[in-house]
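Q: File input_26.txt below, compact mmCIF, N, CA and C atoms:
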```
# COMPACT_ATOMS: atom_id res chain seq x y z
N MET A 136 -118.22 18.79 26.88
CA MET A 136 -118.72 17.43 26.87
C MET A 136 -118.57 16.85 25.47
N ALA A 137 -118.01 15.70 25.37
CA ALA A 137 -117.80 15.04 24.09
C ALA A 137 -119.12 14.42 23.60
N TYR A 138 -119.30 14.44 22.29
CA TYR A 138 -120.49 13.82 21.73
C TYR A 138 -120.37 12.31 21.84
N ASP A 139 -121.39 11.69 22.36
CA ASP A 139 -121.40 10.25 22.57
C ASP A 139 -122.20 9.60 21.46
N PHE A 140 -121.53 9.03 20.47
CA PHE A 140 -122.22 8.35 19.38
C PHE A 140 -122.97 7.14 19.93
N GLY A 141 -124.09 6.84 19.33
CA GLY A 141 -124.87 5.69 19.77
C GLY A 141 -126.10 6.05 20.57
N TRP A 142 -126.34 7.35 20.80
CA TRP A 142 -127.48 7.80 21.58
C TRP A 142 -128.20 8.92 20.85
N THR A 143 -129.52 9.00 21.00
CA THR A 143 -130.32 10.10 20.50
C THR A 143 -130.90 10.80 21.72
N THR A 144 -130.80 12.12 21.77
CA THR A 144 -131.16 12.89 22.96
C THR A 144 -132.48 13.63 22.77
N PHE A 145 -133.31 13.60 23.81
CA PHE A 145 -134.59 14.31 23.81
C PHE A 145 -134.74 15.06 25.14
N GLU A 146 -135.45 16.18 25.11
CA GLU A 146 -135.80 16.91 26.32
C GLU A 146 -137.29 16.78 26.53
N GLY A 147 -137.71 16.66 27.79
CA GLY A 147 -139.13 16.54 28.08
C GLY A 147 -139.35 16.22 29.54
N VAL A 148 -140.39 15.43 29.81
CA VAL A 148 -140.75 15.07 31.18
C VAL A 148 -141.05 13.58 31.28
N LEU A 149 -140.76 13.03 32.44
CA LEU A 149 -141.18 11.66 32.74
C LEU A 149 -142.60 11.75 33.28
N THR A 150 -143.51 10.94 32.74
CA THR A 150 -144.91 11.00 33.16
C THR A 150 -145.32 9.83 34.05
N LYS A 151 -144.62 8.71 33.89
CA LYS A 151 -144.90 7.51 34.69
C LYS A 151 -143.61 6.70 34.74
N GLY A 152 -143.61 5.70 35.60
CA GLY A 152 -142.46 4.83 35.65
C GLY A 152 -142.78 3.52 36.33
N SER A 153 -141.97 2.54 36.04
CA SER A 153 -142.05 1.24 36.69
C SER A 153 -140.60 0.81 36.91
N PRO A 154 -140.38 -0.28 37.62
CA PRO A 154 -139.00 -0.74 37.79
C PRO A 154 -138.31 -1.05 36.46
N ALA A 155 -139.07 -1.42 35.43
CA ALA A 155 -138.47 -1.84 34.16
C ALA A 155 -138.51 -0.79 33.06
N ALA A 156 -139.35 0.25 33.19
CA ALA A 156 -139.52 1.19 32.09
C ALA A 156 -139.92 2.58 32.60
N VAL A 157 -139.75 3.57 31.71
CA VAL A 157 -140.20 4.93 32.00
C VAL A 157 -141.09 5.40 30.85
N CYS A 158 -142.06 6.21 31.20
CA CYS A 158 -142.94 6.80 30.21
C CYS A 158 -142.50 8.26 30.07
N PHE A 159 -142.19 8.68 28.86
CA PHE A 159 -141.58 9.97 28.60
C PHE A 159 -142.38 10.72 27.54
N GLN A 160 -142.54 12.03 27.76
CA GLN A 160 -143.15 12.89 26.75
C GLN A 160 -142.13 13.94 26.36
N GLY A 161 -141.74 13.91 25.09
CA GLY A 161 -140.78 14.87 24.56
C GLY A 161 -141.37 16.25 24.46
N GLN A 162 -140.52 17.23 24.49
CA GLN A 162 -140.91 18.64 24.44
C GLN A 162 -141.76 18.95 23.22
N TYR A 163 -141.51 18.28 22.10
CA TYR A 163 -142.22 18.55 20.85
C TYR A 163 -143.28 17.50 20.54
N TRP A 164 -143.56 16.63 21.48
CA TRP A 164 -144.48 15.52 21.24
C TRP A 164 -145.85 15.81 21.84
N GLU A 165 -146.90 15.34 21.16
CA GLU A 165 -148.26 15.48 21.67
C GLU A 165 -148.71 14.22 22.41
N GLY A 166 -147.80 13.34 22.73
CA GLY A 166 -148.12 12.11 23.45
C GLY A 166 -146.88 11.59 24.13
N GLU A 167 -147.00 10.45 24.77
CA GLU A 167 -145.90 9.88 25.54
C GLU A 167 -145.59 8.47 25.05
N LEU A 168 -144.34 8.05 25.28
CA LEU A 168 -143.88 6.72 24.89
C LEU A 168 -143.19 6.04 26.07
N TRP A 169 -143.33 4.74 26.14
CA TRP A 169 -142.61 3.94 27.14
C TRP A 169 -141.26 3.52 26.56
N PHE A 170 -140.23 3.59 27.41
CA PHE A 170 -138.90 3.13 27.04
C PHE A 170 -138.37 2.21 28.13
N PRO A 171 -137.78 1.09 27.77
CA PRO A 171 -137.15 0.23 28.79
C PRO A 171 -136.00 0.99 29.45
N ARG A 172 -135.91 0.91 30.76
CA ARG A 172 -134.83 1.60 31.48
C ARG A 172 -133.45 1.16 30.98
N SER A 173 -133.34 -0.06 30.50
CA SER A 173 -132.05 -0.56 30.01
C SER A 173 -131.63 0.10 28.70
N GLN A 174 -132.55 0.82 28.05
CA GLN A 174 -132.26 1.43 26.76
C GLN A 174 -132.12 2.96 26.83
N VAL A 175 -132.14 3.52 28.04
CA VAL A 175 -132.08 4.98 28.19
C VAL A 175 -131.13 5.39 29.31
N GLU A 176 -130.68 6.64 29.21
CA GLU A 176 -129.99 7.33 30.30
C GLU A 176 -130.81 8.58 30.58
N ILE A 177 -131.02 8.91 31.85
CA ILE A 177 -131.87 10.04 32.22
C ILE A 177 -131.09 10.98 33.12
N GLU A 178 -131.18 12.28 32.81
CA GLU A 178 -130.57 13.31 33.65
C GLU A 178 -131.60 14.38 33.95
N PRO A 179 -131.73 14.78 35.22
CA PRO A 179 -132.62 15.90 35.54
C PRO A 179 -132.13 17.16 34.83
N ASP A 180 -133.07 18.01 34.41
CA ASP A 180 -132.74 19.24 33.71
C ASP A 180 -133.79 20.30 34.06
N GLY A 181 -133.59 20.98 35.16
CA GLY A 181 -134.57 21.97 35.60
C GLY A 181 -135.86 21.30 35.98
N GLU A 182 -136.95 21.68 35.32
CA GLU A 182 -138.26 21.09 35.63
C GLU A 182 -138.52 19.80 34.86
N GLY A 183 -137.66 19.46 33.93
CA GLY A 183 -137.84 18.25 33.14
C GLY A 183 -136.62 17.36 33.21
N VAL A 184 -136.43 16.59 32.14
CA VAL A 184 -135.27 15.69 32.06
C VAL A 184 -134.71 15.72 30.65
N VAL A 185 -133.47 15.31 30.55
CA VAL A 185 -132.86 14.98 29.27
C VAL A 185 -132.76 13.46 29.26
N ILE A 186 -133.29 12.86 28.22
CA ILE A 186 -133.25 11.41 28.11
C ILE A 186 -132.46 11.06 26.85
N ARG A 187 -131.52 10.15 27.02
CA ARG A 187 -130.75 9.65 25.88
C ARG A 187 -131.23 8.23 25.61
N VAL A 188 -131.66 8.02 24.38
CA VAL A 188 -132.22 6.73 23.95
C VAL A 188 -131.20 6.08 23.02
N LYS A 189 -130.95 4.80 23.22
CA LYS A 189 -130.03 4.11 22.31
C LYS A 189 -130.52 4.30 20.88
N ASP A 190 -129.56 4.60 19.99
CA ASP A 190 -129.90 4.92 18.60
C ASP A 190 -130.79 3.89 17.94
N TRP A 191 -130.53 2.61 18.14
CA TRP A 191 -131.33 1.59 17.46
C TRP A 191 -132.79 1.68 17.89
N ARG A 192 -133.03 2.05 19.17
CA ARG A 192 -134.40 2.18 19.68
C ARG A 192 -135.09 3.39 19.04
N ALA A 193 -134.37 4.50 18.94
CA ALA A 193 -134.94 5.70 18.31
C ALA A 193 -135.22 5.44 16.83
N LYS A 194 -134.30 4.78 16.14
CA LYS A 194 -134.48 4.49 14.71
C LYS A 194 -135.64 3.54 14.48
N LYS A 195 -135.85 2.62 15.42
CA LYS A 195 -136.96 1.65 15.29
C LYS A 195 -138.30 2.38 15.15
N ASN A 196 -138.43 3.53 15.85
CA ASN A 196 -139.67 4.31 15.80
C ASN A 196 -139.55 5.57 14.95
N ASP A 197 -138.44 5.71 14.22
CA ASP A 197 -138.21 6.91 13.40
C ASP A 197 -138.28 8.18 14.24
N LEU A 198 -137.76 8.14 15.47
CA LEU A 198 -137.73 9.31 16.34
C LEU A 198 -136.52 10.16 16.04
N LEU A 199 -136.75 11.44 15.82
CA LEU A 199 -135.68 12.39 15.56
C LEU A 199 -135.70 13.49 16.61
N GLU A 200 -134.53 14.02 16.95
CA GLU A 200 -134.45 15.11 17.90
C GLU A 200 -135.11 16.35 17.31
N PHE A 201 -135.64 17.21 18.18
CA PHE A 201 -136.21 18.51 17.79
C PHE A 201 -137.28 18.38 16.71
N THR A 202 -138.09 17.34 16.80
CA THR A 202 -139.12 17.08 15.79
C THR A 202 -140.48 16.96 16.45
N HIS A 203 -141.49 17.62 15.87
CA HIS A 203 -142.86 17.54 16.37
C HIS A 203 -143.48 16.22 15.93
N TYR A 204 -144.17 15.56 16.86
CA TYR A 204 -144.95 14.36 16.55
C TYR A 204 -146.35 14.55 17.08
N SER A 205 -147.35 14.32 16.24
CA SER A 205 -148.75 14.42 16.66
C SER A 205 -149.09 13.28 17.60
N ALA A 206 -150.22 13.42 18.27
CA ALA A 206 -150.67 12.35 19.17
C ALA A 206 -150.88 11.05 18.39
N ALA A 207 -151.39 11.14 17.17
CA ALA A 207 -151.61 9.95 16.35
C ALA A 207 -150.29 9.29 15.98
N ALA A 208 -149.27 10.09 15.66
CA ALA A 208 -147.96 9.53 15.31
C ALA A 208 -147.33 8.84 16.52
N ILE A 209 -147.44 9.45 17.68
CA ILE A 209 -146.89 8.85 18.91
C ILE A 209 -147.63 7.55 19.22
N GLU A 210 -148.95 7.56 19.10
CA GLU A 210 -149.73 6.36 19.37
C GLU A 210 -149.32 5.22 18.43
N ALA A 211 -149.05 5.54 17.18
CA ALA A 211 -148.64 4.52 16.21
C ALA A 211 -147.27 3.91 16.56
N MET A 212 -146.45 4.65 17.30
CA MET A 212 -145.13 4.16 17.70
C MET A 212 -145.18 3.25 18.92
N GLY A 213 -146.28 3.30 19.65
CA GLY A 213 -146.40 2.53 20.88
C GLY A 213 -146.52 1.04 20.63
N PRO A 214 -146.68 0.28 21.71
CA PRO A 214 -146.78 -1.19 21.58
C PRO A 214 -147.95 -1.58 20.70
N LYS A 215 -147.74 -2.60 19.95
CA LYS A 215 -148.78 -3.10 19.03
C LYS A 215 -149.60 -4.18 19.70
```
I'd like the structure from this file rewritten - as structure tokens, please.
A:
Amino acid sequence: MAYDFGWTTFEGVLTKGSPAAVCFQGQYWEGELWFPRSQVEIEPDGEGVVIRVKDWRAKKNDLLEFTHYSAAAIEAMGPK
């Protein structure tokens, strides 16, 4: 599989969803974040999912792959 520039990849689970957005908790995260469906690609992966987030969206919240985020850090990234 070729590396697709422009996306940041996370592994985790979908916790909620709506027609316009999904709520996702990353494997290393102590909380969950909402992402617009138009800004992500989702693939089932065993018991969880792999979610690819458009780079600009990940950078907006300083989200990095394979990084632990506390519940307080995740909450600070959510809607204001």
Q: Set the distance at 7 Å and use only C-alpha atoms: which residues neighbour segment 191-200 of chain A once local chain neighbours fewer than 2 positions away are removed? I'd like the list as a PyMOL selection string.
A: chain A and resi 143-145+188-189+202+212
Q: With only N, CA and C atoms as the counted atoms, please give the residues lying no more than 6.5 Å from Tyr163 of chain A, apart from itself and same-chain residues fewer than 3 positions off, as a PyMOL selection string.
A: chain A and resi 146+160+201-204
Q: Please list, as a PyMOL selection string, the residues that have an atom at most 8 Å away from (-151.0, 16.8, 24.2) in the coordinates of this file, counting all atoms listed in the file.
A: chain A and resi 164-167+205-206
Q: Leaving out Val184 of chain A and any residue of its chain fewer than 6 positions from it, which residues lie within 6.5 Å of it when counting only N, CA and C atoms, given as an NGL selection string?
A: :A and (145-149 or 177-178)
Q: Nearest to Pro214 of chain A among A:Thr150, A:Trp169, A:Asp180, A:Ala155, with distances taken over all atoms listed in the file: which residue is it?
A: A:Trp169
Q: Mind checking DSSP for chain A and telling me the strand (DSSP E or B) residues as JSON, numbers by chain?
A: {"A": [142, 143, 144, 145, 146, 147, 148, 149, 150, 151, 152, 156, 157, 158, 159, 160, 161, 164, 168, 169, 170, 171, 175, 176, 177, 178, 179, 180, 183, 184, 185, 186, 187, 188, 189, 204]}
Q: Could you state the separation of atom CA of Phe159 of chain A and atom N of Ala207 of chain A in Å, given to one decimal place?
A: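 Going from atom CA of Phe159 of chain A over to atom N of Ala207 of chain A, I get 15.1 Å.
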Q: Just how far from atom CA of Leu168 of chain A is atom N of Gly181 of chain A, in Å to one decimal?
A: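 We find that atom N of Gly181 of chain A and atom CA of Leu168 of chain A lie 20.4 Å from each other.
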Q: Edge lengths and centre in Å to one decimal, as lines of an AutoDock Vina configuration file, is what I'm after for the box along x, y and z that holds all listed atoms of segment 191-196 of chain A once 8 Å is added on each side.
A:
```
center_x = -135.1
center_y = 3.6
center_z = 17.1
size_x = 25.1
size_y = 20.1
size_z = 21.2
```
